[in-house]
Each structure stands twice: as structure tokens, then as C-alpha cells.
2 protein chains.
Amino acid sequence: VDEIAASLSTPASDVHIVPGLSCTNRFGATDYMRGEETQILGAVSLLKPLQSGRRLLCLPGTHTKWVVVEAGRVLEFLSAPTGEVYQTLHAHSVLVRDMDAKPFEREAFMRGVAAFNQHPQAQLLHRLFEVRSRQLKGELSAAEAAGFLSGLLIASDNAGGVELAALAGTQTPVAVIGAPALTSLYALALEARGVGSLQLDGSLAALAGLTAVQRQFELEGAT
Amino acid sequence: VDEIAASLSTPASDVHIVPGLSCTNRFGATDYMRGEETQILGAVSLLKPLQSGRRLLCLPGTHTKWVVVEAGRVLEFLSAPTGEVYQTLHAHSVLVRDMDAKPFEREAFMRGVAAFNQHPQAQLLHRLFEVRSRQLKGELSAAEAAGFLSGLLIASDNAGGVELAALAGTQTPVAVIGAPALTSLYALALEARGVGSLQLDGSLAALAGLTAVQRQFELEGAT
């Protein structure tokens, strides 16, 4: 894992930029994060379970990051455009027709999770048309379609995350860091697979990360 | 597999509507086709290899259909919104930024197919961010991004199709029916998995299907 930007400091302003990270991920592709590294630093400083052993972090969002950490260091990570796929299919496909439909309709979300988990080896593409066909059949209302779609996508994302955890040999619980409405969906989907998780608000994590960086600068200035 | 619309006949006009089909697919979801059944009828009448044994047909498009036929009957089918996912991600995500980029850039398409096939068990969502990160790294040009994305998606769709073929016990070659520019991509991706295919132009198949229906009516009228 490499840093992708240097910090910047001028005598007048003393502004610092926390560098992002790049790595070659498990599938041999270059991967990037810019911003999440600060939240990870904050999460490790706030959450005791992350301070020992090898741990898996999940930072869900437009581009979800799955991150393996050990002893305060990032060992590897993997990005998945889960939020972006959800948003584009919601807004621009025939799968969801009710534009007011929300992904946080919990019962429909859990039905999507359960549907995916019944056939976890299936290709995600071979499950997505159900969002439409179940509406045609009357099994799913227009308002429930977004929640069901979100359930399929997050269950697929979590299946890959759990696979990464097994390959990297991480211990549970998984730390899920981000907007509370979203981390709660990931935690529910992980629970449906029998995987325990901790949730941390992403803005608290970012603040704690920036505080940790500031303290590091002060310590360096004092020596 | 059930018919979803009856044919219509009036003394004055003698108009007939070929009914669509519905089934409960392999994942327990209701599935629908409207139009492809006519192409399937045409393909079976035109292509000798489809007239014996149990066969897999692939009708790629906005909503790709994978269809198992035997003795001129549809046994089961499965829809995948592969074309729609491609189109929405191309037009509305950060994965493809060059709006003129085409999926038919063959070399980039084959790189996407090969990348997917190296880790066929991975979740598709965990491979899609590569379309962006490989551009940031300079491994993929903006013009090649669409082809690479198309390769990942079609390889995933084909992996599910080949899995369906194994579970349903169909014989090769797979018949790929549709627009020639698209059937050639599916045939290339199947070949990369060692699966032989035949291609048939979708408009020829539709015409042959309608002709077969007309002949059936004439035969019924003559008896």
C-alpha cells in the first residue's frame, strides 16, 4: 500500500494534506482511496477491537471500500461501486419506477438480502431482473422495489467482503464506518450471514482521524 | 412455462398476437419474455442443431434471455438486464467518462473478459471499480473503458449462462441470437471459456418465427 499524495506545509499557513492510498488489490488491479484513510485512522483510534489482530473494515458509500488493517496499518483494500450502481439503476433503469422509493424500506431490503443469500454463487446480473419481474407479478410494490434492489446489491457486496475476510484471515467483528442509515443496512446484511459487526459514524471517524494526525504533528514538533 | 397472452382473431382482419411466456426461473423468481419466443421459434426452425437434444439459447440485449429448449419446447429461461446495466453505467457513472467510447473495441473487450475469467467466483461488484482505477493508473485509455466494462459484464453474464447449461444438462453449441455486433461479443466471450456457439441474426430469427406461426395457422385452417 502506497501513499498517493505528499503533505503540504508553508511557513505562513502550515496547511497539511493527508495523503490517500493506492494498492494492487486481490484481483490484480490498481485501487485507490482518498479520504477513507483518515476515517480508518480515526476508527482505529476510537474502537478498541481494531487495535489488536487483523481486522476487516467496511466503508460503504458511492464507492464502498473493504479494508484489511493490522497494528494500525492498512494491508490491502478493495473498492466496489455499490452505491453508484444502486443510484444509476434506481434513476435510469426499468427496475425501479417509483422515483420516491427508498432503499431503507427495511422489510423489502431484507427480502432482497434473503433472495441473494439463497443462491450466493449466482451471478448478480442473473438476479437483478427480479426487481422488475416481482413487481409485474405483484410480489413487490413499486415503493418496495428500491429496498429489494438495495438488498440484492448490498448482500452481493457483503458476500465479496466476507470472502475477502476469509482469504485475508481477519477476525470479527467487522467495523462498518459511514452514514448511520447505510451502515445499519450493511450490519443487517452481515448479520443475515452470521457475521458480527460494529458501526461507527463516518463523520466522527473523520474527526478522530484528523485529530490523530494533528497530535502526530504536535508530537513531531515537540521532539 | 406459461403463455402470458392469448391470440386475437376478428372475422374482419384476422390479426394474431403471438403470446409471450412466463416461468418460475431457477432462482425461484417469476420471469417474463415478450417477443423473444418468436425469435426462438424461428431459430429452432432455421438451425438444425437446435432440433435435437436439450439446447441453450442466448438472446443478448437490454434484457438478455438465457433459454433452455428441447424438442421445440421452452423448458425454462432466465433474464439478465446486462445491456441495461451497461447502458446506465456508461451514461451515468464515473466508470466511463468518454461518452463516445464504444463497447465494440475488441481488444479492450477481450481484456475485460480475461480479467473477469481470472477470478470467476468474485462478485461482479468487486471488479467494476477497475474500469475507473485502470484509467487513473494509465492501463486503460478513456476510449477503451467502455469495451473493458462490456467485457466484464458479458463475461459475468456468460459465466451464469454456462452454469445454467451445466445445471440443465444442455449440449453445445450455444445458439446466440440477436444483433450481429452483440452476438459476436457473446460468441467471443463464450469461446474464451471454451464453449462453442452459433450466431443467428435476430431479425432473421423473428421473421422465420412469424412465418412458422403463419404456416401453423394455415395448416390448422386446412384441416
# chains A, B, ... in the order shown; residues from 1 in each chain; ligands from 1

$ residues_around --residues "region 127-139 of chain B" --least-positions-apart "5" --cutoff "9 Å" --atoms "only C-alpha atoms" --output "MDAnalysis selection string"
(chainID A and resid 27 29:32 63 78:81) or (chainID B and resid 94:97 112 115:116 122 144:146 148:149 152:153)

$ select_by_dssp --residues "region 132-207 of chain B" --states "strand (DSSP E or B)" --output "short mmCIF file (atom, residue, chain, number, x, y, z; two decimals) with C-alpha atoms, in the first residue's frame"
data_model
loop_
_atom_site.label_atom_id
_atom_site.label_comp_id
_atom_site.auth_asym_id
_atom_site.auth_seq_id
_atom_site.Cartn_x
_atom_site.Cartn_y
_atom_site.Cartn_z
CA GLN B 171 -25.47 -29.71 -25.20
CA THR B 172 -23.20 -27.29 -27.08
CA PRO B 173 -23.06 -25.29 -29.29
CA VAL B 174 -24.94 -22.43 -27.60
CA ALA B 175 -27.12 -20.55 -30.11
CA VAL B 176 -26.64 -16.78 -29.75
CA ILE B 177 -29.46 -14.82 -31.40
CA GLY B 178 -29.61 -11.04 -31.81
CA SER B 197 -21.54 -21.19 -30.24
CA LEU B 198 -23.61 -20.50 -33.35
CA GLN B 199 -24.77 -16.97 -34.18
CA LEU B 200 -28.07 -16.04 -35.81
CA ASP B 201 -29.27 -12.56 -36.78
#

$ closest_residue --among "B:Asn158, B:Ser150, B:Thr183, B:Thr62" --to "Arg111 (chain B)" --atoms "only C-alpha atoms"
B:Ser150

$ closest_residue --among "B:Ala155, B:Leu185, B:Ala143, B:Leu41" --to "chain A" --atoms "only C-alpha atoms"
B:Ala155

$ closest_residue --among "A:Asp100, A:Glu191, A:Glu220, A:Glu84" --to "chain B" --atoms "only C-alpha atoms"
A:Glu84

$ closest_residue --among "B:Asp98, B:Ala179, B:Ala114, B:Phe109" --to "Ala206 (chain B)" --atoms "only C-alpha atoms"
B:Ala179

$ atom_distance --atom1 "CA of Ser45 (chain A)" --atom2 "CA of Val1 (chain A)"
20.0 Å

$ select_by_dssp --residues "region 74-130 of chain A" --states "helix (DSSP H, G or I)" --output "PyMOL selection string"
chain A and resi 82-92+106-118+125-128+130

$ closest_residue --among "A:Leu75, A:Val67, A:Ala91, A:Val18" --to "chain B" --atoms "only C-alpha atoms"
A:Ala91

$ closest_residue --among "B:Glu218, B:Ile154, B:Gly72, B:Leu188" --to "chain A" --atoms "only C-alpha atoms"
B:Ile154

$ atom_distance --atom1 "CA of Glu107 (chain A)" --atom2 "CA of Gly194 (chain A)"
18.3 Å
